[in-house]
Amino acid sequence: MLGGQILHGGDYNPDQWLDCPEVLEEDVRLMKEANVNCVSLGIFAWAALEPEEGRYEFDWLEKIIDRLGEEGIQVVLATPSGAMPHWLTQKYPETMQVQADGKRNLPGKRHNFCYTSPVMREKIYQIDSALSERFGRKENVILWHLSNELGGNFADSSCHCELCQEAFRNWLKEKYGTLDNLNRAYWSTFWSHTYTDWSQLHSPAPHGETTMTALTLDWKRFVTYQMSDFVRTETAAVRTHSDLPVTTNFMYFFKGLDYGKMRDDLDIISWDNYPFWHKTKDEVPVAVRAAANHNIMRSLKKQPFLLMESTPSAVSWREFNPIKRPGMHMLSSMQAIAHGSDSVQYFQWRKGRGAYEKFHGAVVDHKNGSNTRTFRQVTELGERLRNISGLVDGTVNRPKAAMIFDWENWWALEDASGPRLDISYIDCILDHYQAFWEAGIDTDFLNMDDSLEGYAVVAAPLNYMYKPGYAEKVRRFVEGGGIYVTTYFSGIVDDTDLCFTGHHPLADVLGLEQEEIDAPSGDFPNAFRYGEKEYPAGSLRELIHASEETKVHSVYEEDYVKGEPVVTEHRYGKGAAWYIAAEPDMEFLRSFYGDRLKEAGVQNALGTDLPYGVTVAERMGSDGRSLVFVMNFRNEAVTVRGTGKWADAESEKTYDGSLMLGAFECLVLRK
Ligand code: GLA
Ligand code: ZN
């Protein structure tokens with residue numbers, strides 16, 4: 001745990017208040033009052049740190065870091081590449097991104113630099129190493145925060161400039177060696193798109209190539225590669241005078257970069273979490289989404305992560321922006337801790353007076369100082385975090401269940417023309433994960449490159465692409481006793497989007513072959529029975545052929561496919577491989593995974609069924625210590641029965657047989 005305590009604080013932008021020293025002094029006082037122990041400084045401060053090229057003004061920052069240090073407040077120090085100053089873009093327009101249509105951006109906004117541009121890299125290297133020299137050994141500086149939300153939040157966050165095109169071609173040359181290899185991998189004889197010179201290769205563009213799916217995949221891989229290279233440039237710069245760990249703040253289900261590839265360049269994973277609480281009265285889908293994202297971040301390194309940003313009240317960028325209702329700030333923050341975070345940080349400490357984010361929630365509002373509901377909620381949480389720091393320190397979640405979640409699969413699946421154009425990988429992942437969440441079963445989210453060892457159950461819905469070596473890994477997992485669940489439209493293509501021919505790569509393990517997949521309209525419903533109940537077969541339905549030894553649990557009930565298998569089980573080695581051939585609904589998934597978890601002997605920490613809206617997550621220490629977080633996402637009290645004996649980790653209370661949770665309450669228990 002960084003600094004020995006759960007970090008509590010957030011983005012602090014004093015550069016916006018340098019002409020108000022009384023505000024800065026009040027900030028420190030209020031931070032103490034709010035139990036803040038850590039702030040992130042300098043995130044968008046390039047213009048204040050380097051007002052003109054080569055002239056650094058760091059005194060103001062040093063004063064603030066030292067003042068915070070006097071009060072025992074730690075600092076996460078950012079590099080300023082998240083937003084570019086006007087002198088930079090004016091003098092060096094090549095630092096600004098070029099969009100897919102070839103248009104160069106104008107100055108402004110943020111997160112829009114060209115990560116290939118040598119000038120951009122040189123300028124950022126210079127200021128980063130200067131920051132490193134001045135602040136890299138300060139006692140209360142604990143972590144480097146590289147840039148901000150790399151890739152920005154745009155539909156296409158990549159730069160298409162000539163420098164990037166050239167770097168892309170070089171990356172392709174390195175990968176394929178010859179154009180023959182590339183042409184074969186791309187199936188480029190289709191529509192006569194055979195490449196005869198490397199210079200013919202260009203990034204996907206709305207007015208150019210969008211149909212060569214392997215090219216699009218490689219472009220996305222290249223963007224991650226190139227961005228990682230930029231990250232390494234920044235890391236090298238901050239390391240010139242400092243050996244502090246580095247992180248960069250990742251985003252919510254961000255499709256633009258493969259975080260699975262970027263994890264190795266970072267010491268600590270951190271991310272920004274803005275769930276849409278109170279979108280409706282049912283908070284469960286939102287809680288499930290947030291939990292899945294926390295798990296993804298934790299699983300990247302199988303280590304505690306940092307929640308780098310969250311809002312203490314509302315955001316300002318949605319169509320409507322509900323403020324967190326009483327209890328939700330505590331619960332959503334505890335949810336992060338429960339799933340493996342060692343911090344609760346906010347965007348941001350104090351609301352700015354002007355520009356785009358002046359209405360975004362902050363700990364300190366425009367008015368009323370500490371006398372606000374938000375401030376009190378933050379203070380209360382800070383106290384709780386301080387009290388549980390010792391218990392949480394050295395623990396992390398170690399689930400027995402895992403799901404495959406892989407960026408390359410996401411890209412390839414949703415870029416495919418057919419069988420439906422509206423396939424959503426994330427929605428499917430979340431439906432399957434919700435079944436685990438409702439059962440109180442924590443799951444890791446694994447990249448296809450990760451090991452499956454140590455898990456009892458692995459679910460791989462819509463696992464369309466198989467990376468090299470993946471099928472073999474699954475084979476060994478099932479052979480060794482694992483329960484593997486996969487679905488329709490899985491195992492279809494290799495890593496350059498070429499369809500497998502002959503057999504499904506896991507035909508022997510799954511005990512089946514796929515024949516065709518139907519994507520019918522709502523006018524042609526079908527159903528299947530599982531256990532005692534009938535469930536709808538959704539909008540994707542595969543026709544599969546089960547082998548002799550495969551047990552068919554469900555068949556299509558109607559139409560020309562009546563009697564053909566839907567849910568199958570195939571024993572292989574000491575384990576079993578399950579296949580779900582039709583898109584299922586939530587009710588089926590609950591019942592199906594309930595059975596699989598029972599077979600695998602995987603139980604939630606309370607060992608009992610949970611009421612809707614309640615879930616459980618467990619953090620464990622290497623010394624066998626366990627902390628169980630029980631969370632109620634309903635805005636009303638609930639009782640969990642059949643729980644056995646528990647001690648409240650934060651009070652003297654004990655529980656015997658049942659637990660009462662108030663509206664939006666989180667309990668922390670130990671045996
Ligand atoms: C992102 C950014 C912050 C801020 C918040 C607002 O997470 O990193 O700078 O803009 O969004 O929600
Ligand atoms: Zn570029």
# chains A, B, ... in the order shown; residues from 1 in each chain; ligands from 1
>>> closest_atom_pairs(of="chain A", to="ligand 2", cutoff="7 Å", atoms="only C-alpha atoms and all ligand atoms", output="Markdown table")
| residue | atom | partner | partner_atom_place_in_ligand_line | distance |
| --- | --- | --- | --- | --- |
| A:Gln97 | CA | ligand 2 | 1 (Zn) | 5.6 |
| A:Val98 | CA | ligand 2 | 1 (Zn) | 6.3 |
| A:Cys114 | CA | ligand 2 | 1 (Zn) | 4.2 |
| A:Tyr115 | CA | ligand 2 | 1 (Zn) | 6.1 |
| A:Thr116 | CA | ligand 2 | 1 (Zn) | 5.2 |
| A:Ser117 | CA | ligand 2 | 1 (Zn) | 6.0 |
| A:Cys159 | CA | ligand 2 | 1 (Zn) | 4.4 |
| A:His160 | CA | ligand 2 | 1 (Zn) | 5.4 |
| A:Cys161 | CA | ligand 2 | 1 (Zn) | 4.2 |
| A:Glu162 | CA | ligand 2 | 1 (Zn) | 6.6 |
| A:Leu163 | CA | ligand 2 | 1 (Zn) | 5.4 |
| A:Cys164 | CA | ligand 2 | 1 (Zn) | 4.4 |
>>> residues_around(residues="Phe253 of chain A", least_positions_apart="6", cutoff="10 Å", atoms="only C-alpha atoms", output="PyMOL selection string")
chain A and resi 259+273+289-290+292-293+296+407+426
>>> residues_near_ligand(ligand="ligand 1", cutoff="6 Å", atoms="only C-alpha atoms and all ligand atoms", output="PyMOL selection string")
chain A and resi 148-149+272+315+347
>>> atom_distance(atom1="atom CA of Val363 of chain A", atom2="atom CA of Gly108 of chain A")
26.8 Å
>>> residues_around(residues="segment 478-490 of chain A", least_positions_apart="3", cutoff="7 Å", atoms="only C-alpha atoms", output="PyMOL selection string")
chain A and resi 456-465+474-475+542+572-582
>>> write_last_selection(atoms="N, CA and C atoms", output="short mmCIF file (atom, residue, chain, number, x, y, z; two decimals), in the first residue's frame")
data_model
loop_
_atom_site.label_atom_id
_atom_site.label_comp_id
_atom_site.auth_asym_id
_atom_site.auth_seq_id
_atom_site.Cartn_x
_atom_site.Cartn_y
_atom_site.Cartn_z
N ALA A 456 -11.25 -22.19 -10.78
CA ALA A 456 -12.11 -23.38 -10.86
C ALA A 456 -13.08 -23.24 -12.03
N VAL A 457 -13.52 -22.01 -12.29
CA VAL A 457 -14.49 -21.76 -13.37
C VAL A 457 -13.98 -20.61 -14.24
N VAL A 458 -13.99 -20.82 -15.55
CA VAL A 458 -13.63 -19.73 -16.46
C VAL A 458 -14.75 -19.59 -17.50
N ALA A 459 -15.27 -18.37 -17.63
CA ALA A 459 -16.34 -18.11 -18.61
C ALA A 459 -15.78 -17.25 -19.73
N ALA A 460 -16.06 -17.64 -20.96
CA ALA A 460 -15.51 -16.91 -22.12
C ALA A 460 -16.62 -16.65 -23.13
N PRO A 461 -17.56 -15.74 -22.78
CA PRO A 461 -18.65 -15.46 -23.71
C PRO A 461 -18.16 -14.69 -24.94
N LEU A 462 -18.78 -14.94 -26.06
CA LEU A 462 -18.45 -14.25 -27.32
C LEU A 462 -16.94 -14.16 -27.55
N ASN A 463 -16.29 -15.28 -27.35
CA ASN A 463 -14.83 -15.33 -27.52
C ASN A 463 -14.54 -15.64 -29.00
N TYR A 464 -14.86 -14.66 -29.83
CA TYR A 464 -14.83 -14.78 -31.30
C TYR A 464 -13.43 -15.10 -31.82
N MET A 465 -12.43 -14.37 -31.30
CA MET A 465 -11.05 -14.56 -31.77
C MET A 465 -10.29 -15.48 -30.81
N VAL A 474 -6.73 -23.53 -22.93
CA VAL A 474 -8.05 -23.94 -22.45
C VAL A 474 -8.09 -25.47 -22.34
N ARG A 475 -7.51 -26.13 -23.32
CA ARG A 475 -7.48 -27.60 -23.32
C ARG A 475 -6.84 -28.10 -22.02
N GLU A 542 -27.02 -20.36 -32.74
CA GLU A 542 -26.15 -21.22 -33.55
C GLU A 542 -26.77 -22.60 -33.71
N TYR A 572 -14.03 -33.61 -20.28
CA TYR A 572 -12.75 -33.74 -20.98
C TYR A 572 -11.67 -33.77 -19.89
N GLY A 573 -10.87 -34.83 -19.87
CA GLY A 573 -9.90 -34.98 -18.78
C GLY A 573 -10.65 -34.99 -17.46
N LYS A 574 -10.19 -34.17 -16.52
CA LYS A 574 -10.87 -34.14 -15.21
C LYS A 574 -11.92 -33.04 -15.15
N GLY A 575 -12.07 -32.27 -16.24
CA GLY A 575 -12.98 -31.13 -16.17
C GLY A 575 -14.14 -31.25 -17.15
N ALA A 576 -14.78 -30.12 -17.38
CA ALA A 576 -15.94 -30.11 -18.27
C ALA A 576 -15.98 -28.81 -19.06
N ALA A 577 -16.38 -28.92 -20.33
CA ALA A 577 -16.53 -27.74 -21.17
C ALA A 577 -18.00 -27.58 -21.51
N TRP A 578 -18.54 -26.40 -21.25
CA TRP A 578 -19.96 -26.11 -21.49
C TRP A 578 -20.09 -25.13 -22.65
N TYR A 579 -21.15 -25.34 -23.41
CA TYR A 579 -21.38 -24.47 -24.56
C TYR A 579 -22.82 -23.97 -24.52
N ILE A 580 -22.99 -22.68 -24.74
CA ILE A 580 -24.34 -22.10 -24.81
C ILE A 580 -24.49 -21.58 -26.24
N ALA A 581 -25.30 -22.24 -27.04
CA ALA A 581 -25.34 -21.96 -28.48
C ALA A 581 -26.26 -20.79 -28.85
N ALA A 582 -27.15 -20.42 -27.94
CA ALA A 582 -28.07 -19.32 -28.24
C ALA A 582 -27.90 -18.21 -27.21
#
>>> select_by_dssp(residues="segment 92-243 of chain A", states="strand (DSSP E)", output="MDAnalysis selection string")
chainID A and resid 141:145
>>> closest_residue(among="A:Lys671, A:Tyr252, A:Pro275, A:Ala507", to="Gln335 of chain A", atoms="only C-alpha atoms")
A:Pro275
>>> closest_residue(among="A:Tyr470, A:Glu26, A:Ile441, A:Arg571", to="Leu610 of chain A", atoms="only C-alpha atoms")
A:Ile441
>>> residues_around(residues="Asn632 of chain A", least_positions_apart="4", cutoff="7 Å", atoms="only C-alpha atoms", output="number ranges by chain")
A: 613-615, 661, 663-666
>>> closest_residue(among="A:Arg529, A:His8, A:Lys175, A:Lys281", to="Ser343 of chain A", atoms="only C-alpha atoms")
A:His8
>>> closest_residue(among="A:Arg298, A:Arg641, A:Arg634, A:Arg110", to="Met84 of chain A", atoms="only C-alpha atoms")
A:Arg110
>>> select_by_dssp(residues="segment 497-636 of chain A", states="helix (DSSP H, G or I)", output="list in words")
Ala507, Asp508, Val509, Leu510, Asp559, Tyr560, Val561, Met586, Glu587, Phe588, Leu589, Arg590, Ser591, Phe592, Tyr593, Gly594, Asp595, Arg596, Leu597, Lys598, Glu599 and Ala600 of chain A
>>> write_last_selection(atoms="N, CA, C and O atoms", output="PDB file, in the first residue's frame")
ATOM      1  N   ALA A 507     -12.826 -28.217 -30.823  1.00  0.00           N
ATOM      2  CA  ALA A 507     -13.875 -29.214 -31.093  1.00  0.00           C
ATOM      3  C   ALA A 507     -13.749 -30.410 -30.148  1.00  0.00           C
ATOM      4  O   ALA A 507     -14.750 -30.901 -29.611  1.00  0.00           O
ATOM      5  N   ASP A 508     -12.513 -30.865 -29.911  1.00  0.00           N
ATOM      6  CA  ASP A 508     -12.312 -32.048 -29.055  1.00  0.00           C
ATOM      7  C   ASP A 508     -12.682 -31.773 -27.598  1.00  0.00           C
ATOM      8  O   ASP A 508     -13.188 -32.638 -26.897  1.00  0.00           O
ATOM      9  N   VAL A 509     -12.442 -30.551 -27.149  1.00  0.00           N
ATOM     10  CA  VAL A 509     -12.708 -30.212 -25.747  1.00  0.00           C
ATOM     11  C   VAL A 509     -14.200 -29.923 -25.540  1.00  0.00           C
ATOM     12  O   VAL A 509     -14.816 -30.378 -24.579  1.00  0.00           O
ATOM     13  N   LEU A 510     -14.767 -29.169 -26.469  1.00  0.00           N
ATOM     14  CA  LEU A 510     -16.189 -28.800 -26.350  1.00  0.00           C
ATOM     15  C   LEU A 510     -17.101 -29.954 -26.756  1.00  0.00           C
ATOM     16  O   LEU A 510     -18.280 -29.984 -26.386  1.00  0.00           O
ATOM     17  N   ASP A 559     -39.626 -24.476 -34.404  1.00  0.00           N
ATOM     18  CA  ASP A 559     -39.164 -24.104 -35.738  1.00  0.00           C
ATOM     19  C   ASP A 559     -38.332 -25.224 -36.365  1.00  0.00           C
ATOM     20  O   ASP A 559     -38.268 -26.331 -35.864  1.00  0.00           O
ATOM     21  N   TYR A 560     -37.629 -24.896 -37.441  1.00  0.00           N
ATOM     22  CA  TYR A 560     -36.921 -25.923 -38.206  1.00  0.00           C
ATOM     23  C   TYR A 560     -35.697 -26.477 -37.473  1.00  0.00           C
ATOM     24  O   TYR A 560     -35.128 -27.470 -37.879  1.00  0.00           O
ATOM     25  N   VAL A 561     -35.277 -25.805 -36.390  1.00  0.00           N
ATOM     26  CA  VAL A 561     -34.139 -26.325 -35.624  1.00  0.00           C
ATOM     27  C   VAL A 561     -34.595 -27.097 -34.385  1.00  0.00           C
ATOM     28  O   VAL A 561     -33.781 -27.469 -33.537  1.00  0.00           O
ATOM     29  N   MET A 586     -30.882 -12.972 -18.758  1.00  0.00           N
ATOM     30  CA  MET A 586     -30.294 -12.911 -17.413  1.00  0.00           C
ATOM     31  C   MET A 586     -30.785 -14.052 -16.525  1.00  0.00           C
ATOM     32  O   MET A 586     -30.024 -14.625 -15.749  1.00  0.00           O
ATOM     33  N   GLU A 587     -32.068 -14.379 -16.671  1.00  0.00           N
ATOM     34  CA  GLU A 587     -32.630 -15.393 -15.781  1.00  0.00           C
ATOM     35  C   GLU A 587     -31.968 -16.744 -16.013  1.00  0.00           C
ATOM     36  O   GLU A 587     -31.650 -17.468 -15.071  1.00  0.00           O
ATOM     37  N   PHE A 588     -31.736 -17.061 -17.279  1.00  0.00           N
ATOM     38  CA  PHE A 588     -31.039 -18.314 -17.576  1.00  0.00           C
ATOM     39  C   PHE A 588     -29.628 -18.274 -16.990  1.00  0.00           C
ATOM     40  O   PHE A 588     -29.163 -19.231 -16.370  1.00  0.00           O
ATOM     41  N   LEU A 589     -28.938 -17.158 -17.201  1.00  0.00           N
ATOM     42  CA  LEU A 589     -27.541 -17.078 -16.762  1.00  0.00           C
ATOM     43  C   LEU A 589     -27.425 -17.270 -15.253  1.00  0.00           C
ATOM     44  O   LEU A 589     -26.530 -17.951 -14.767  1.00  0.00           O
ATOM     45  N   ARG A 590     -28.363 -16.687 -14.502  1.00  0.00           N
ATOM     46  CA  ARG A 590     -28.381 -16.876 -13.046  1.00  0.00           C
ATOM     47  C   ARG A 590     -28.431 -18.347 -12.688  1.00  0.00           C
ATOM     48  O   ARG A 590     -27.650 -18.838 -11.885  1.00  0.00           O
ATOM     49  N   SER A 591     -29.370 -19.007 -13.320  1.00  0.00           N
ATOM     50  CA  SER A 591     -29.585 -20.399 -12.965  1.00  0.00           C
ATOM     51  C   SER A 591     -28.418 -21.266 -13.460  1.00  0.00           C
ATOM     52  O   SER A 591     -27.896 -22.120 -12.736  1.00  0.00           O
ATOM     53  N   PHE A 592     -27.965 -20.998 -14.670  1.00  0.00           N
ATOM     54  CA  PHE A 592     -26.882 -21.780 -15.270  1.00  0.00           C
ATOM     55  C   PHE A 592     -25.590 -21.651 -14.461  1.00  0.00           C
ATOM     56  O   PHE A 592     -24.965 -22.638 -14.069  1.00  0.00           O
ATOM     57  N   TYR A 593     -25.176 -20.410 -14.179  1.00  0.00           N
ATOM     58  CA  TYR A 593     -23.911 -20.239 -13.451  1.00  0.00           C
ATOM     59  C   TYR A 593     -24.052 -20.688 -11.997  1.00  0.00           C
ATOM     60  O   TYR A 593     -23.088 -21.163 -11.403  1.00  0.00           O
ATOM     61  N   GLY A 594     -25.252 -20.543 -11.446  1.00  0.00           N
ATOM     62  CA  GLY A 594     -25.491 -21.064 -10.100  1.00  0.00           C
ATOM     63  C   GLY A 594     -25.122 -22.542 -10.063  1.00  0.00           C
ATOM     64  O   GLY A 594     -24.415 -23.009  -9.152  1.00  0.00           O
ATOM     65  N   ASP A 595     -25.550 -23.290 -11.074  1.00  0.00           N
ATOM     66  CA  ASP A 595     -25.246 -24.727 -11.132  1.00  0.00           C
ATOM     67  C   ASP A 595     -23.753 -24.987 -11.305  1.00  0.00           C
ATOM     68  O   ASP A 595     -23.174 -25.857 -10.665  1.00  0.00           O
ATOM     69  N   ARG A 596     -23.128 -24.230 -12.206  1.00  0.00           N
ATOM     70  CA  ARG A 596     -21.690 -24.460 -12.469  1.00  0.00           C
ATOM     71  C   ARG A 596     -20.854 -24.162 -11.215  1.00  0.00           C
ATOM     72  O   ARG A 596     -19.917 -24.867 -10.895  1.00  0.00           O
ATOM     73  N   LEU A 597     -21.230 -23.081 -10.511  1.00  0.00           N
ATOM     74  CA  LEU A 597     -20.458 -22.711  -9.320  1.00  0.00           C
ATOM     75  C   LEU A 597     -20.615 -23.779  -8.240  1.00  0.00           C
ATOM     76  O   LEU A 597     -19.660 -24.132  -7.555  1.00  0.00           O
ATOM     77  N   LYS A 598     -21.826 -24.304  -8.145  1.00  0.00           N
ATOM     78  CA  LYS A 598     -22.075 -25.365  -7.170  1.00  0.00           C
ATOM     79  C   LYS A 598     -21.207 -26.576  -7.507  1.00  0.00           C
ATOM     80  O   LYS A 598     -20.530 -27.140  -6.655  1.00  0.00           O
ATOM     81  N   GLU A 599     -21.228 -26.967  -8.789  1.00  0.00           N
ATOM     82  CA  GLU A 599     -20.406 -28.119  -9.206  1.00  0.00           C
ATOM     83  C   GLU A 599     -18.931 -27.908  -8.891  1.00  0.00           C
ATOM     84  O   GLU A 599     -18.217 -28.835  -8.531  1.00  0.00           O
ATOM     85  N   ALA A 600     -18.499 -26.662  -9.056  1.00  0.00           N
ATOM     86  CA  ALA A 600     -17.079 -26.376  -8.845  1.00  0.00           C
ATOM     87  C   ALA A 600     -16.764 -26.159  -7.366  1.00  0.00           C
ATOM     88  O   ALA A 600     -15.614 -25.998  -6.977  1.00  0.00           O
TER      89      ALA A 600
END
>>> residues_around(residues="segment 348-355 of chain A", least_positions_apart="4", cutoff="6 Å", atoms="only C-alpha atoms", output="number ranges by chain")
A: 10-12, 362-365
>>> atom_distance(atom1="atom CA of Thr496 of chain A", atom2="atom CA of Glu453 of chain A")
26.6 Å
>>> closest_residue(among="A:Cys428, A:Leu606, A:Val493, A:Val344", to="Arg386 of chain A", atoms="only C-alpha atoms")
A:Val344
>>> closest_residue(among="A:Gly621, A:Gly102, A:Gly454, A:Gly136", to="Gln165 of chain A", atoms="only C-alpha atoms")
A:Gly102
